[in-house]
$ cat my_file12.cif   # mmCIF, C-alpha atoms and all ligand atoms
data_target
loop_
_atom_site.label_atom_id
_atom_site.label_comp_id
_atom_site.auth_asym_id
_atom_site.auth_seq_id
_atom_site.Cartn_x
_atom_site.Cartn_y
_atom_site.Cartn_z
CA MET A 1 -4.96 16.71 28.28
CA VAL A 2 -3.79 17.94 24.85
CA LYS A 3 -5.24 15.90 22.03
CA GLU A 4 -2.45 14.49 19.91
CA LYS A 5 -2.73 13.88 16.18
CA ILE A 6 0.09 11.77 14.80
CA LEU A 7 1.53 11.46 11.29
CA VAL A 8 3.53 8.27 10.62
CA ILE A 9 5.74 8.72 7.54
CA GLY A 10 6.87 5.41 6.03
CA ALA A 11 3.90 3.61 7.59
CA SER A 12 3.83 0.81 5.01
CA GLY A 13 7.31 -0.44 5.98
CA GLN A 14 8.54 -3.05 8.44
CA ILE A 15 8.33 -0.89 11.57
CA GLY A 16 5.62 1.45 10.28
CA VAL A 17 2.86 -1.15 10.06
CA GLU A 18 3.16 -2.39 13.62
CA LEU A 19 3.96 1.02 15.07
CA THR A 20 0.91 2.57 13.38
CA MET A 21 -1.33 -0.16 14.76
CA ALA A 22 0.17 0.22 18.26
CA LEU A 23 -0.25 4.02 18.16
CA ARG A 24 -3.85 3.62 16.98
CA LYS A 25 -4.58 1.49 20.03
CA ILE A 26 -3.21 4.24 22.31
CA TYR A 27 -4.44 7.41 20.58
CA GLY A 28 -7.48 6.15 18.68
CA ASN A 29 -7.64 5.11 15.02
CA ALA A 30 -8.70 8.51 13.68
CA ASN A 31 -5.81 10.29 15.43
CA VAL A 32 -3.01 8.37 13.72
CA VAL A 33 -2.57 9.19 10.03
CA ALA A 34 -0.50 6.62 8.14
CA SER A 35 1.44 7.85 5.10
CA ASP A 36 3.90 6.42 2.61
CA LEU A 37 5.27 6.82 -0.88
CA ARG A 38 4.00 3.36 -1.76
CA GLU A 39 0.45 2.10 -1.42
CA GLU A 40 -1.17 1.47 1.93
CA ASN A 41 0.03 -1.78 3.46
CA PRO A 42 -2.83 -4.34 3.36
CA LEU A 43 -2.36 -4.92 7.11
CA LEU A 44 -3.35 -1.29 7.76
CA LYS A 45 -6.37 -1.21 5.44
CA GLY A 46 -9.57 -0.21 7.22
CA THR A 47 -7.82 0.56 10.51
CA GLY A 48 -7.54 4.35 10.09
CA PRO A 49 -6.70 7.26 7.79
CA TYR A 50 -4.04 6.89 5.08
CA VAL A 51 -2.51 9.56 2.83
CA SER A 52 -0.07 9.06 -0.03
CA LEU A 53 2.94 11.27 0.66
CA ASP A 54 6.49 11.81 -0.57
CA VAL A 55 8.46 13.15 2.40
CA MET A 56 10.90 14.76 -0.05
CA ASN A 57 8.11 17.08 -1.20
CA LYS A 58 8.32 19.56 1.66
CA GLU A 59 5.38 21.69 0.51
CA MET A 60 3.02 18.73 0.34
CA LEU A 61 4.26 17.49 3.69
CA HIS A 62 3.62 20.92 5.17
CA VAL A 63 0.12 21.02 3.67
CA GLN A 64 -0.72 17.64 5.18
CA VAL A 65 0.59 18.65 8.60
CA ILE A 66 -1.64 21.74 8.59
CA ARG A 67 -4.67 20.08 6.96
CA GLN A 68 -4.66 17.13 9.36
CA ASN A 69 -3.84 19.25 12.46
CA ILE A 70 -0.77 17.10 13.13
CA THR A 71 0.97 17.53 16.52
CA GLN A 72 3.55 14.70 16.34
CA ILE A 73 5.50 13.08 13.51
CA TYR A 74 7.10 9.64 13.46
CA LEU A 75 9.57 9.69 10.55
CA LEU A 76 10.34 6.15 9.39
CA ALA A 77 11.03 6.73 5.69
CA ALA A 78 14.64 5.88 4.92
CA ILE A 79 16.89 3.90 2.63
CA LEU A 80 18.40 1.20 4.80
CA SER A 81 21.94 -0.17 4.93
CA ALA A 82 22.03 -2.86 2.23
CA THR A 83 19.96 -0.87 -0.31
CA GLY A 84 21.89 2.30 0.55
CA GLU A 85 25.19 0.72 -0.48
CA LYS A 86 23.75 0.13 -3.96
CA ASN A 87 22.94 3.82 -4.35
CA PRO A 88 24.84 5.90 -1.78
CA ASN A 89 23.87 9.30 -3.23
CA LEU A 90 20.17 8.48 -3.14
CA ALA A 91 20.45 7.09 0.41
CA TRP A 92 22.22 10.23 1.64
CA SER A 93 19.74 12.48 -0.11
CA LEU A 94 16.60 10.74 1.20
CA ASN A 95 17.86 10.05 4.71
CA MET A 96 19.08 13.61 5.27
CA GLN A 97 16.49 15.66 3.37
CA SER A 98 13.52 13.80 4.83
CA LEU A 99 14.78 14.54 8.32
CA LEU A 100 15.51 18.20 7.59
CA ASN A 101 12.05 18.65 6.00
CA VAL A 102 10.38 17.19 9.08
CA LEU A 103 12.53 19.15 11.56
CA ASP A 104 11.88 22.43 9.71
CA ILE A 105 8.14 21.89 9.67
CA ALA A 106 8.18 20.81 13.33
CA ARG A 107 9.91 24.08 14.16
CA GLU A 108 7.57 26.23 12.06
CA GLU A 109 4.37 24.55 13.23
CA LYS A 110 5.58 24.10 16.83
CA LEU A 111 4.84 20.37 16.80
CA HIS A 112 4.87 18.67 20.18
CA LYS A 113 7.25 15.85 19.22
CA VAL A 114 9.24 14.27 16.43
CA TYR A 115 10.42 10.64 16.59
CA TRP A 116 13.19 9.50 14.26
CA PRO A 117 14.95 6.17 14.69
CA SER A 118 18.71 6.01 14.46
CA SER A 119 20.58 2.73 14.14
CA ILE A 120 23.47 0.72 15.51
CA ALA A 121 24.85 1.18 11.97
CA VAL A 122 26.45 4.35 13.39
CA PHE A 123 29.04 2.06 14.99
CA GLY A 124 31.82 0.72 12.82
CA PRO A 125 34.60 -1.86 13.08
CA THR A 126 36.56 0.38 15.45
CA SER A 127 33.75 0.53 18.04
CA PRO A 128 33.99 -1.83 21.07
CA LYS A 129 32.56 -5.25 20.20
CA GLN A 130 31.17 -5.94 23.68
CA ASN A 131 29.14 -3.71 26.00
CA CYS A 132 29.43 -0.94 23.44
CA PRO A 133 28.53 2.34 25.20
CA GLN A 134 26.42 5.15 23.77
CA GLN A 135 29.42 7.46 23.55
CA THR A 136 32.46 5.72 22.13
CA ILE A 137 34.53 5.55 18.94
CA ILE A 138 31.97 6.02 16.18
CA GLU A 139 33.30 5.58 12.65
CA PRO A 140 30.47 4.26 10.47
CA ILE A 141 31.45 2.62 7.20
CA THR A 142 28.14 2.61 5.32
CA VAL A 143 26.35 5.62 3.88
CA TYR A 144 23.36 4.56 5.96
CA GLY A 145 25.44 4.66 9.17
CA ILE A 146 26.96 8.00 8.21
CA SER A 147 23.49 9.44 7.52
CA LYS A 148 22.16 8.19 10.86
CA TYR A 149 25.09 9.67 12.78
CA ALA A 150 24.76 13.01 10.98
CA GLY A 151 21.01 12.88 11.61
CA GLU A 152 21.56 12.48 15.34
CA PHE A 153 23.52 15.73 15.32
CA TRP A 154 20.81 17.49 13.32
CA CYS A 155 18.26 16.37 15.92
CA ASN A 156 20.46 17.78 18.71
CA TYR A 157 20.90 20.98 16.73
CA TYR A 158 17.17 21.56 16.23
CA PHE A 159 16.57 20.87 19.91
CA ASN A 160 19.35 23.16 21.16
CA ARG A 161 18.78 25.95 18.64
CA TYR A 162 15.00 25.90 18.14
CA GLY A 163 13.65 23.83 21.04
CA VAL A 164 12.18 21.11 18.77
CA ASP A 165 11.37 18.09 20.96
CA VAL A 166 12.91 15.33 18.88
CA ARG A 167 13.65 11.86 20.19
CA SER A 168 15.67 9.01 18.81
CA LEU A 169 16.92 5.53 19.65
CA ARG A 170 19.62 3.49 17.98
CA TYR A 171 17.67 0.40 16.96
CA PRO A 172 19.45 -2.89 16.32
CA GLY A 173 18.30 -5.10 13.43
CA LEU A 174 14.63 -5.64 14.25
CA ILE A 175 12.79 -8.86 13.55
CA SER A 176 9.11 -8.69 12.69
CA TYR A 177 6.53 -11.34 12.00
CA LYS A 178 3.71 -9.27 10.51
CA SER A 179 5.41 -6.93 8.05
CA GLU A 180 8.29 -7.72 5.70
CA PRO A 181 11.76 -6.33 6.48
CA GLY A 182 12.92 -3.50 4.19
CA GLY A 183 16.41 -3.10 2.72
CA GLY A 184 18.51 -3.46 5.87
CA THR A 185 20.77 -6.20 7.17
CA THR A 186 17.79 -7.91 8.88
CA ARG A 187 16.50 -8.74 5.43
CA LEU A 188 19.85 -10.22 4.41
CA CYS A 189 19.98 -12.32 7.60
CA CYS A 190 16.44 -13.56 7.07
CA ARG A 191 17.28 -14.52 3.50
CA ASP A 192 20.41 -16.35 4.61
CA PHE A 193 18.48 -18.45 7.09
CA SER A 194 15.27 -18.97 5.14
N1 LIG A 201 14.14 -2.39 10.59
C1 LIG A 201 15.24 -2.34 11.32
O1 LIG A 201 15.80 -3.35 11.74
C2 LIG A 201 15.81 -0.98 11.68
C3 LIG A 201 16.97 -0.92 12.47
C4 LIG A 201 17.49 0.32 12.80
C5 LIG A 201 16.85 1.48 12.38
N2 LIG A 201 15.73 1.39 11.59
C6 LIG A 201 15.12 2.64 11.13
O2 LIG A 201 13.72 2.61 11.32
C7 LIG A 201 13.06 3.31 10.26
C8 LIG A 201 12.05 2.41 9.59
O3 LIG A 201 12.72 1.25 9.10
P1 LIG A 201 11.94 0.05 8.38
O4 LIG A 201 12.74 -1.18 8.62
O5 LIG A 201 10.50 0.07 8.72
O6 LIG A 201 12.15 0.47 6.85
P2 LIG A 201 11.32 -0.03 5.56
O7 LIG A 201 12.24 0.07 4.40
O8 LIG A 201 10.65 -1.33 5.82
O9 LIG A 201 10.19 1.10 5.46
C9 LIG A 201 10.47 2.41 5.06
C10 LIG A 201 9.22 2.96 4.40
O10 LIG A 201 9.51 4.30 3.97
C11 LIG A 201 8.85 4.49 2.74
N3 LIG A 201 9.47 5.58 1.99
C12 LIG A 201 10.63 5.54 1.29
N4 LIG A 201 10.85 6.72 0.69
C13 LIG A 201 9.80 7.52 1.02
C14 LIG A 201 9.45 8.85 0.70
N5 LIG A 201 10.22 9.60 -0.12
N6 LIG A 201 8.31 9.36 1.21
C15 LIG A 201 7.51 8.60 2.04
N7 LIG A 201 7.79 7.33 2.36
C16 LIG A 201 8.92 6.79 1.85
C17 LIG A 201 8.98 3.15 2.02
O11 LIG A 201 8.00 3.03 0.98
C18 LIG A 201 8.79 2.17 3.15
O12 LIG A 201 7.44 1.76 3.27
C19 LIG A 201 14.18 3.81 9.33
O13 LIG A 201 14.57 5.11 9.68
C20 LIG A 201 15.32 2.85 9.64
O14 LIG A 201 16.56 3.44 9.36
C21 LIG A 201 15.21 0.19 11.23
#
$ encode --input "my_file12.cif" --output "structure tokens"
Amino acid sequence: MVKEKILVIGASGQIGVELTMALRKIYGNANVVASDLREENPLLKGTGPYVSLDVMNKEMLHVQVIRQNITQIYLLAAILSATGEKNPNLAWSLNMQSLLNVLDIAREEKLHKVYWPSSIAVFGPTSPKQNCPQQTIIEPITVYGISKYAGEFWCNYYFNRYGVDVRSLRYPGLISYKSEPGGGTTRLCCRDFS
């Protein structure tokens, strides 16, 4: 069996903390490298390797992928819906460039897999409100939703053109009990009800 070495980018965030811990259980602590722009989440401390990393710095990302012998990347760094509306240019720039940096490096280094979550934010007010199918009217109205929809097409493009194995799911608003929600609508809901 091929030994996998995983890089989680955005590991200190809401999904990153629990995903990193779950991956460490499956692949072994040393084989899952957590990384983030901000400091290591206290919940991850002592559970495995951590590197400080800005995904926008493609050269440094590339160096880490080579240095750590990375075979898979989970890209979780993003500016979410509510925060994105406060600074649409920054949200577009981070959400798109981070993905393109990862896809390029995956292609160059022939990584085994890339995981990148999309979101139900791709749907807009014109999408069906019940039993909404995967393929339907998709007219997102937030910069976050637009970036996720565009990102889905970039993932398809890198798969079709370069054979990069990249996988994605449209997550709904996720509720967590260990790590704090980031800047999405989940956070707003939690605030409303807390
Ligand atoms: N949480 C949800 O309900 C939800 C729903 C749908 C999709 N998603 C997607 O899942 C992914 C993770 O979401 P989350 O809720 O954990 O977000 P989050 O905001 O809690 O975490 C994102 C992490 O990325 C880090 N980050 C930001 N810029 C970075 C950079 N330049 N370099 C490296 N790290 C950087 C942040 O410091 C943060 O720790 C995102 O792509 C998001 O769009 C989340």
$ residues_around --input "my_file12.cif" --residues "Val17 of chain A" --least-positions-apart "6" --cutoff "12 Å" --atoms "only C-alpha atoms" --output "list in words"
Val8, Ile9, Gly10, Ala11, Leu23, Arg24, Val32, Val33, Ala34, Ser35, Asp36, Glu40, Asn41, Pro42, Leu43, Leu44, Lys45, Thr47, Gly48, Tyr50, Leu76, Ser176, Tyr177, Lys178, Ser179, Glu180, Pro181 and Gly182 of chain A
$ write_last_selection --input "my_file12.cif" --atoms "C-alpha atoms" --output "compact mmCIF listing (two decimals), in the frame of the given file"
# COMPACT_ATOMS: atom_id res chain seq x y z
CA VAL A 8 3.53 8.27 10.62
CA ILE A 9 5.74 8.72 7.54
CA GLY A 10 6.87 5.41 6.03
CA ALA A 11 3.90 3.61 7.59
CA LEU A 23 -0.25 4.02 18.16
CA ARG A 24 -3.85 3.62 16.98
CA VAL A 32 -3.01 8.37 13.72
CA VAL A 33 -2.57 9.19 10.03
CA ALA A 34 -0.50 6.62 8.14
CA SER A 35 1.44 7.85 5.10
CA ASP A 36 3.90 6.42 2.61
CA GLU A 40 -1.17 1.47 1.93
CA ASN A 41 0.03 -1.78 3.46
CA PRO A 42 -2.83 -4.34 3.36
CA LEU A 43 -2.36 -4.92 7.11
CA LEU A 44 -3.35 -1.29 7.76
CA LYS A 45 -6.37 -1.21 5.44
CA THR A 47 -7.82 0.56 10.51
CA GLY A 48 -7.54 4.35 10.09
CA TYR A 50 -4.04 6.89 5.08
CA LEU A 76 10.34 6.15 9.39
CA SER A 176 9.11 -8.69 12.69
CA TYR A 177 6.53 -11.34 12.00
CA LYS A 178 3.71 -9.27 10.51
CA SER A 179 5.41 -6.93 8.05
CA GLU A 180 8.29 -7.72 5.70
CA PRO A 181 11.76 -6.33 6.48
CA GLY A 182 12.92 -3.50 4.19
$ closest_atom_pairs --input "my_file12.cif" --of "chain A" --to "ligand LIG 201 (chain A)" --cutoff "9 Å" --atoms "only C-alpha atoms and all ligand atoms" --output "tab-separated table"
residue	atom	partner	partner_atom	distance
A:Ile9	CA	A:LIG201	N7	5.7
A:Gly10	CA	A:LIG201	O10	3.5
A:Ala11	CA	A:LIG201	O12	5.9
A:Ser12	CA	A:LIG201	O12	4.1
A:Gly13	CA	A:LIG201	O9	3.3
A:Gln14	CA	A:LIG201	O5	3.7
A:Ile15	CA	A:LIG201	O5	3.7
A:Gly16	CA	A:LIG201	O5	5.3
A:Val17	CA	A:LIG201	O5	7.9
A:Ser35	CA	A:LIG201	C15	6.8
A:Asp36	CA	A:LIG201	N7	4.0
A:Leu37	CA	A:LIG201	C15	4.1
A:Arg38	CA	A:LIG201	O11	4.9
A:Glu39	CA	A:LIG201	O11	8.0
A:Glu40	CA	A:LIG201	O12	8.7
A:Asn41	CA	A:LIG201	O12	8.2
A:Ser52	CA	A:LIG201	C15	7.9
A:Leu53	CA	A:LIG201	C15	5.5
A:Asp54	CA	A:LIG201	N6	3.5
A:Val55	CA	A:LIG201	N6	4.0
A:Met56	CA	A:LIG201	N5	5.2
A:Asn57	CA	A:LIG201	N5	7.8
A:Leu75	CA	A:LIG201	O13	6.8
A:Leu76	CA	A:LIG201	C7	4.0
A:Ala77	CA	A:LIG201	O10	3.3
A:Ala78	CA	A:LIG201	O13	4.8
A:Ile79	CA	A:LIG201	O7	6.3
A:Leu80	CA	A:LIG201	O14	5.4
A:Ser81	CA	A:LIG201	O14	7.8
A:Leu94	CA	A:LIG201	N5	6.6
A:Asn95	CA	A:LIG201	O13	7.7
A:Ser98	CA	A:LIG201	N5	7.3
A:Trp116	CA	A:LIG201	O13	6.5
A:Pro117	CA	A:LIG201	C6	5.0
A:Ser118	CA	A:LIG201	C5	5.3
A:Ser119	CA	A:LIG201	C4	4.1
A:Ile120	CA	A:LIG201	C4	6.6
A:Ala121	CA	A:LIG201	C4	7.5
A:Tyr144	CA	A:LIG201	O14	7.7
A:Gly145	CA	A:LIG201	O14	9.0
A:Lys148	CA	A:LIG201	O14	7.5
A:Leu169	CA	A:LIG201	C5	8.3
A:Arg170	CA	A:LIG201	C4	6.4
A:Tyr171	CA	A:LIG201	C4	4.2
A:Pro172	CA	A:LIG201	C3	5.0
A:Gly173	CA	A:LIG201	O1	3.5
A:Leu174	CA	A:LIG201	O1	3.6
A:Ile175	CA	A:LIG201	O1	6.5
A:Ser176	CA	A:LIG201	N1	8.3
A:Ser179	CA	A:LIG201	O8	8.0
A:Glu180	CA	A:LIG201	O8	6.8
A:Pro181	CA	A:LIG201	O8	5.2
A:Gly182	CA	A:LIG201	O8	3.5
A:Gly183	CA	A:LIG201	O7	5.5
A:Gly184	CA	A:LIG201	C1	6.5
A:Thr185	CA	A:LIG201	O1	7.3
A:Thr186	CA	A:LIG201	O1	5.7
A:Arg187	CA	A:LIG201	O1	8.3
$ atom_distance --input "my_file12.cif" --atom1 "atom CA of Val166 of chain A" --atom2 "atom CA of Val65 of chain A"
16.4 Å
$ closest_residue --input "my_file12.cif" --among "A:Gly124, A:Gly151, A:Tyr162, A:Val51" --to "Ile105 of chain A" --atoms "all atoms listed in the file"
A:Tyr162
$ closest_residue --input "my_file12.cif" --among "A:Val164, A:Ile66, A:Val122, A:Ile6" --to "Asp104 of chain A" --atoms "all atoms listed in the file"
A:Val164
$ atom_distance --input "my_file12.cif" --atom1 "atom CA of Glu108 of chain A" --atom2 "atom CA of Glu18 of chain A"
29.0 Å
$ atom_distance --input "my_file12.cif" --atom1 "atom CA of Leu103 of chain A" --atom2 "atom CA of Tyr115 of chain A"
10.1 Å
$ axis_aligned_box --input "my_file12.cif" --around "segment 13-27 of chain A" --padding-each-side "3 Å" --output "lines of an AutoDock Vina configuration file"
center_x = 2.0
center_y = 2.2
center_z = 14.1
size_x = 19.1
size_y = 16.5
size_z = 22.3
$ closest_residue --input "my_file12.cif" --among "A:Leu7, A:Thr83, A:Lys110, A:Ile26" --to "Gln64 of chain A" --atoms "all atoms listed in the file"
A:Leu7
$ closest_residue --input "my_file12.cif" --among "A:Asn156, A:Lys129, A:Val102, A:Pro88" --to "Ile141 of chain A" --atoms "only C-alpha atoms"
A:Pro88
